[in-house]
Structure formats: structure tokens, C-alpha cells
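Trainee: What follows is a single structure, and I will ask about it in a moment.
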Amino acid sequence: MKQKKSVSTYAIAMAAAAAIALLVIWYEIDTYGYSTVYFLSYCSDGFFTSAVFFIGFGLLTFISEAGNFYGIQYLGYMVVCIFPFRRERFAQRKDYFTYCTEKKAQQKDRSRSAGKYALLYVGLGCLALSLLLTFGFYQVGR
């Protein structure tokens with residue numbers, strides 16, 4: 001069952017990357033007009049945009065699961081505790097060390113997401129495809 005989930009995760013990520021690439025290709029064709037010479041350039045731009053999104057979100061997921069956003073999360077927690085509707089919530093607020101300790105314990109209980117690897121691998125694949133299409137564009141353009 002875990003393998004099916006992993007395959008579907010990669011399939012969904014690839015479909016999303018293809019959708020982003022197609023939107024960029026469609027936009028550039030609509031804006032600059034269709035030309036067989038520049039079509040490879042449009043495809044390269046589309047897959048590069050997908051690569052930037054997927055690699056960026058994949059790296060942010062890795063950073064988030066490492067616990068590097070606890071400070072920002074604690075800031076949101078304190079805003080909720082300082083301006084409560086009930087006074088009991090303000091009295092029960094936690095300090096930063098307790099908050100981080102509880103978050104780390106919660107994260108150990110949850111399983112790591114397989115989606116972060118899908119994001120990175122699909123993003124790297126889109127980047128490789130973008131580079132190949134760019135190389136093809138310059139070979140055809142000669």
C-alpha cells in the first residue's frame with residue numbers, strides 16, 4: 001500500500017508540474033505568437049518555472065520539518081495567547097523552550113511526509129528537461 005501511495009504522490013506532482021508548464025507555454029504563445037522556432041524556448045520556460053516552484057517548495061518542506069520555523073510559529077502562538085477571548089488562555093501560555101519541546105515531540109509521533117522527495121525529484125526532473133529544451137532551442141536556432 002505504501003508503494004501505491006508513493007507512486008500516486010509522484011504522479012500528482014508530475015501532473016501539477018505539467019499543468020504549470022502548460023500554463024506558461026499557453027501564456028507565451030498567446031503573448032508572443034506561435035512560432036516553431038521559439039516553441040522550444042516556450043517549453044523550456046514552462047518547465048523552468050515548474051522547477052523553481054517544486055524545488056523551492058521541496059526545500060521549504062525540508063527546512064520546516066527540521067524545525068527551523070518554530071520561531072515564526074511561536075510568534076503566531078503568542079499573538080493568539082496575548083489577544084484571547086478568554087483570560088485562561090493568557091494565563092496558560094507557554095515559554096519558547098516548552099513550545100519547541102512539545103513541537104518536537106509531536107513531530108516525532110507523526111510520520112515524515114513522502115511528498116517532499118516527490119517535490120524535489122520532480123523539480124529536478126523539470127530543471128533537467130528545461131536545460132535539454134534550451135540546448136535544443138540553440139541547436140535549432142543555428
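By convention in this document, the chains of the C-alpha cells carry letters A, B, ... by their order, each chain's residues are numbered from 1, and ligands are numbered from 1 in the order they are shown.
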Tell me which protein, DNA and RNA residues are within 9 Å of region 111-124 of chain A, counting only C-alpha atoms, leaving out same-chain ones fewer than 6 positions away, and put them as a compact mmCIF listing (two decimals) with all heavy atoms, in the first residue's frame.
Mentor:
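Wrote around11.txt, looks like this:
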# COMPACT_ATOMS: atom_id res chain seq x y z
N LYS A 5 0.87 4.61 -2.64
CA LYS A 5 0.79 6.00 -2.19
C LYS A 5 1.95 6.81 -2.74
O LYS A 5 1.78 7.94 -3.17
CB LYS A 5 0.76 6.06 -0.66
CG LYS A 5 0.56 7.43 -0.11
CD LYS A 5 0.50 7.42 1.39
CE LYS A 5 0.33 8.83 1.92
NZ LYS A 5 0.34 8.87 3.36
N SER A 6 3.13 6.21 -2.76
CA SER A 6 4.30 6.91 -3.28
C SER A 6 4.17 7.15 -4.77
O SER A 6 4.50 8.23 -5.25
CB SER A 6 5.55 6.09 -2.97
OG SER A 6 6.68 6.72 -3.52
N THR A 9 1.72 9.89 -5.32
CA THR A 9 2.30 11.18 -4.94
C THR A 9 3.15 11.73 -6.07
O THR A 9 3.04 12.91 -6.42
CB THR A 9 3.16 11.03 -3.66
OG1 THR A 9 2.34 10.51 -2.61
CG2 THR A 9 3.74 12.36 -3.24
N TYR A 10 3.98 10.88 -6.66
CA TYR A 10 4.81 11.32 -7.78
C TYR A 10 3.95 11.64 -9.00
O TYR A 10 4.24 12.61 -9.73
CB TYR A 10 5.85 10.25 -8.13
CG TYR A 10 7.02 10.25 -7.19
CD1 TYR A 10 7.05 9.43 -6.07
CD2 TYR A 10 8.10 11.09 -7.41
CE1 TYR A 10 8.12 9.44 -5.20
CE2 TYR A 10 9.18 11.11 -6.54
CZ TYR A 10 9.19 10.27 -5.44
OH TYR A 10 10.25 10.29 -4.58
N ALA A 11 2.90 10.87 -9.24
CA ALA A 11 2.03 11.12 -10.39
C ALA A 11 1.31 12.46 -10.25
O ALA A 11 1.21 13.22 -11.22
CB ALA A 11 1.03 9.99 -10.54
N ALA A 13 2.36 15.02 -8.46
CA ALA A 13 3.38 16.07 -8.58
C ALA A 13 3.75 16.31 -10.04
O ALA A 13 3.89 17.46 -10.48
CB ALA A 13 4.62 15.71 -7.76
N MET A 14 3.88 15.22 -10.81
CA MET A 14 4.21 15.38 -12.23
C MET A 14 3.06 16.04 -13.00
O MET A 14 3.29 16.86 -13.88
CB MET A 14 4.56 14.03 -12.85
CG MET A 14 5.94 13.54 -12.45
SD MET A 14 6.46 12.10 -13.35
CE MET A 14 5.65 10.80 -12.42
N ALA A 17 3.20 19.72 -12.19
CA ALA A 17 4.31 20.35 -12.90
C ALA A 17 3.98 20.53 -14.37
O ALA A 17 4.28 21.59 -14.96
CB ALA A 17 5.58 19.52 -12.73
N PHE A 47 8.91 24.60 -18.19
CA PHE A 47 9.47 23.60 -17.28
C PHE A 47 10.44 24.23 -16.26
O PHE A 47 10.57 23.75 -15.15
CB PHE A 47 10.14 22.47 -18.06
CG PHE A 47 9.15 21.52 -18.64
CD1 PHE A 47 8.89 21.51 -20.00
CD2 PHE A 47 8.44 20.67 -17.82
CE1 PHE A 47 7.95 20.65 -20.53
CE2 PHE A 47 7.49 19.80 -18.35
CZ PHE A 47 7.25 19.79 -19.70
N PHE A 48 11.09 25.33 -16.63
CA PHE A 48 11.94 26.01 -15.66
C PHE A 48 11.09 26.63 -14.55
O PHE A 48 11.47 26.58 -13.38
CB PHE A 48 12.80 27.08 -16.34
CG PHE A 48 13.75 27.73 -15.39
CD1 PHE A 48 14.89 27.07 -14.97
CD2 PHE A 48 13.51 29.00 -14.90
CE1 PHE A 48 15.77 27.66 -14.08
CE2 PHE A 48 14.38 29.60 -14.02
CZ PHE A 48 15.52 28.93 -13.60
N SER A 50 8.19 25.51 -13.50
CA SER A 50 7.79 24.37 -12.66
C SER A 50 8.93 23.95 -11.74
O SER A 50 8.72 23.65 -10.56
CB SER A 50 7.38 23.18 -13.52
OG SER A 50 6.21 23.46 -14.23
N ALA A 51 10.15 23.92 -12.28
CA ALA A 51 11.30 23.52 -11.48
C ALA A 51 11.54 24.47 -10.32
O ALA A 51 11.80 24.03 -9.19
CB ALA A 51 12.55 23.45 -12.36
N VAL A 52 11.40 25.76 -10.57
CA VAL A 52 11.60 26.74 -9.49
C VAL A 52 10.57 26.54 -8.39
O VAL A 52 10.92 26.52 -7.19
CB VAL A 52 11.54 28.18 -10.05
CG1 VAL A 52 11.45 29.21 -8.94
CG2 VAL A 52 12.76 28.45 -10.92
N PHE A 53 9.31 26.37 -8.76
CA PHE A 53 8.27 26.15 -7.76
C PHE A 53 8.51 24.87 -6.96
O PHE A 53 8.47 24.86 -5.74
CB PHE A 53 6.88 26.08 -8.40
CG PHE A 53 6.29 27.42 -8.73
CD1 PHE A 53 5.82 27.68 -10.00
CD2 PHE A 53 6.18 28.41 -7.78
CE1 PHE A 53 5.27 28.90 -10.32
CE2 PHE A 53 5.64 29.64 -8.07
CZ PHE A 53 5.18 29.88 -9.36
N PHE A 54 8.75 23.78 -7.65
CA PHE A 54 8.85 22.49 -6.99
C PHE A 54 10.11 22.37 -6.15
O PHE A 54 10.06 21.86 -5.03
CB PHE A 54 8.75 21.35 -8.01
CG PHE A 54 7.34 21.01 -8.35
CD1 PHE A 54 6.60 21.78 -9.21
CD2 PHE A 54 6.74 19.91 -7.78
CE1 PHE A 54 5.29 21.48 -9.50
CE2 PHE A 54 5.43 19.58 -8.05
CZ PHE A 54 4.70 20.37 -8.92
N ILE A 55 11.23 22.83 -6.65
CA ILE A 55 12.46 22.77 -5.84
C ILE A 55 12.35 23.71 -4.64
O ILE A 55 12.74 23.36 -3.53
CB ILE A 55 13.69 23.09 -6.71
CG1 ILE A 55 13.93 21.97 -7.73
CG2 ILE A 55 14.93 23.28 -5.84
CD1 ILE A 55 14.99 22.27 -8.76
N GLY A 56 11.78 24.88 -4.86
CA GLY A 56 11.60 25.83 -3.75
C GLY A 56 10.71 25.29 -2.66
O GLY A 56 11.05 25.33 -1.47
N PHE A 57 9.55 24.75 -3.03
CA PHE A 57 8.64 24.19 -2.03
C PHE A 57 9.21 22.94 -1.38
O PHE A 57 8.98 22.69 -0.20
CB PHE A 57 7.26 23.91 -2.63
CG PHE A 57 6.44 25.14 -2.85
CD1 PHE A 57 5.90 25.40 -4.09
CD2 PHE A 57 6.20 26.03 -1.82
CE1 PHE A 57 5.15 26.54 -4.31
CE2 PHE A 57 5.45 27.17 -2.02
CZ PHE A 57 4.92 27.43 -3.27
N GLY A 58 9.96 22.15 -2.14
CA GLY A 58 10.61 20.97 -1.55
C GLY A 58 11.63 21.35 -0.51
O GLY A 58 11.68 20.76 0.58
N LEU A 59 12.45 22.37 -0.81
CA LEU A 59 13.43 22.82 0.18
C LEU A 59 12.76 23.43 1.40
O LEU A 59 13.21 23.22 2.54
CB LEU A 59 14.40 23.82 -0.46
CG LEU A 59 15.37 23.23 -1.48
CD1 LEU A 59 16.19 24.34 -2.13
CD2 LEU A 59 16.28 22.20 -0.83
N LEU A 60 11.69 24.19 1.19
CA LEU A 60 10.96 24.74 2.33
C LEU A 60 10.35 23.64 3.20
O LEU A 60 10.31 23.77 4.43
CB LEU A 60 9.85 25.68 1.86
CG LEU A 60 10.30 27.08 1.45
CD1 LEU A 60 9.13 27.85 0.87
CD2 LEU A 60 10.91 27.82 2.61
N THR A 61 9.92 22.56 2.60
CA THR A 61 9.39 21.44 3.36
C THR A 61 10.48 20.78 4.19
O THR A 61 10.27 20.45 5.37
CB THR A 61 8.74 20.41 2.42
OG1 THR A 61 7.74 21.07 1.64
CG2 THR A 61 8.09 19.29 3.20
N PHE A 62 11.66 20.59 3.61
CA PHE A 62 12.78 20.04 4.36
C PHE A 62 13.15 20.95 5.54
O PHE A 62 13.38 20.47 6.66
CB PHE A 62 14.01 19.86 3.46
CG PHE A 62 14.08 18.53 2.79
CD1 PHE A 62 13.72 18.40 1.47
CD2 PHE A 62 14.51 17.41 3.47
CE1 PHE A 62 13.78 17.18 0.83
CE2 PHE A 62 14.58 16.18 2.85
CZ PHE A 62 14.21 16.06 1.53
N GLU A 65 10.42 20.73 8.30
CA GLU A 65 10.44 19.50 9.09
C GLU A 65 11.68 19.41 9.97
O GLU A 65 11.69 18.65 10.93
CB GLU A 65 10.35 18.28 8.17
CG GLU A 65 8.96 18.08 7.63
CD GLU A 65 8.79 16.78 6.89
OE1 GLU A 65 9.78 16.03 6.76
OE2 GLU A 65 7.68 16.52 6.45
Trainee: Using DSSP assignments from the backbone, pull out every residue in chain A that falls under helix (DSSP H, G or I) and give it to me as a ChimeraX atom specification.
Mentor: /A:2-32,39-65,70-82,87-91,96-109,115-140
Trainee: CA of Gly125 (chain A) to CA of Gln139 (chain A): how many Å, to one decimal?
Mentor: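 Pair CA of Gly125 (chain A) / CA of Gln139 (chain A) returns 21.1 Å.
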Trainee: Point out the residue among A:Phe39, A:Ile63, A:Glu88, A:Lys94 with the least atom-to-atom distance to Leu75 (chain A), counting only C-alpha atoms.
Mentor: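 Checking each candidate against Leu75 (chain A), we get A:Lys94 as the closest.
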Trainee: Given the choices A:Ser64, A:Met78, A:Ile12, A:Asp45, which gets closest to Tyr27 (chain A) if the distance is worked out from only C-alpha atoms?
Mentor: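 Checking each of A:Ser64, A:Met78, A:Ile12, A:Asp45 against Tyr27 (chain A), counting only C-alpha atoms, the winner is A:Asp45.
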Trainee: Taking 6 positions as the minimum chain separation for residues in the same chain, which residues sit within 12 Å of region 106-109 of chain A when counting only C-alpha atoms? Answer as a PyMOL selection string.
Mentor: chain A and resi 64-67+70+99-100
Trainee: With all heavy atoms retained, write the just-selected residues as a compact mmCIF listing (two decimals), in the first residue's frame.
Mentor:
# COMPACT_ATOMS: atom_id res chain seq x y z
N SER A 64 11.24 23.14 7.06
CA SER A 64 10.15 23.15 8.03
C SER A 64 10.17 21.90 8.91
O SER A 64 9.97 21.98 10.12
CB SER A 64 8.81 23.24 7.30
OG SER A 64 7.75 23.12 8.21
N GLU A 65 10.42 20.73 8.30
CA GLU A 65 10.44 19.50 9.09
C GLU A 65 11.68 19.41 9.97
O GLU A 65 11.69 18.65 10.93
CB GLU A 65 10.35 18.28 8.17
CG GLU A 65 8.96 18.08 7.63
CD GLU A 65 8.79 16.78 6.89
OE1 GLU A 65 9.78 16.03 6.76
OE2 GLU A 65 7.68 16.52 6.45
N ALA A 66 12.70 20.19 9.67
CA ALA A 66 13.88 20.22 10.54
C ALA A 66 13.64 21.10 11.76
O ALA A 66 14.44 21.08 12.70
CB ALA A 66 15.09 20.73 9.76
N GLY A 67 12.55 21.85 11.77
CA GLY A 67 12.21 22.66 12.94
C GLY A 67 12.72 24.08 12.88
O GLY A 67 12.77 24.77 13.90
N TYR A 70 10.11 27.16 13.90
CA TYR A 70 9.47 27.18 15.22
C TYR A 70 9.33 28.60 15.75
O TYR A 70 8.36 28.92 16.42
CB TYR A 70 10.23 26.33 16.22
CG TYR A 70 10.08 24.84 16.03
CD1 TYR A 70 10.99 23.96 16.59
CD2 TYR A 70 9.02 24.30 15.32
CE1 TYR A 70 10.86 22.60 16.43
CE2 TYR A 70 8.88 22.95 15.15
CZ TYR A 70 9.80 22.09 15.70
OH TYR A 70 9.67 20.74 15.54
N TYR A 99 7.38 25.27 24.24
CA TYR A 99 6.71 25.21 22.94
C TYR A 99 7.52 24.35 21.96
O TYR A 99 6.98 23.47 21.29
CB TYR A 99 6.50 26.61 22.38
CG TYR A 99 5.77 26.65 21.08
CD1 TYR A 99 4.39 26.57 21.03
CD2 TYR A 99 6.47 26.75 19.87
CE1 TYR A 99 3.71 26.60 19.83
CE2 TYR A 99 5.81 26.77 18.67
CZ TYR A 99 4.42 26.70 18.65
OH TYR A 99 3.77 26.72 17.45
N CYS A 100 8.83 24.60 21.87
CA CYS A 100 9.69 23.84 20.95
C CYS A 100 9.77 22.37 21.34
O CYS A 100 9.76 21.48 20.48
CB CYS A 100 11.09 24.45 20.90
SG CYS A 100 11.16 26.02 20.04
Trainee: Rank nothing, just name the residue among A:Ser44, A:Tyr138, A:Ala16, A:Arg110 nearest to Glu28 (chain A), using only C-alpha atoms.
Mentor: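 The shortest atom-to-atom distance to Glu28 (chain A) comes from A:Ser44.
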Trainee: Kindly indicate which residue among A:Ala105, A:Asp30, A:Leu133, A:Val80 lies nearest to Arg93 (chain A), using only C-alpha atoms for the distances.
Mentor: A:Val80
Trainee: Between CA of Ala128 (chain A) and CA of Asn68 (chain A), what distance in Å does the model show, to one decimal?
Mentor: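 CA of Ala128 (chain A) sits 29.1 Å away from CA of Asn68 (chain A).
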Trainee: Would you mind reading off the distance between CA of Ala19 (chain A) and CA of Val140 (chain A), one decimal, in Å?
Mentor: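 It comes out at 25.6 Å.
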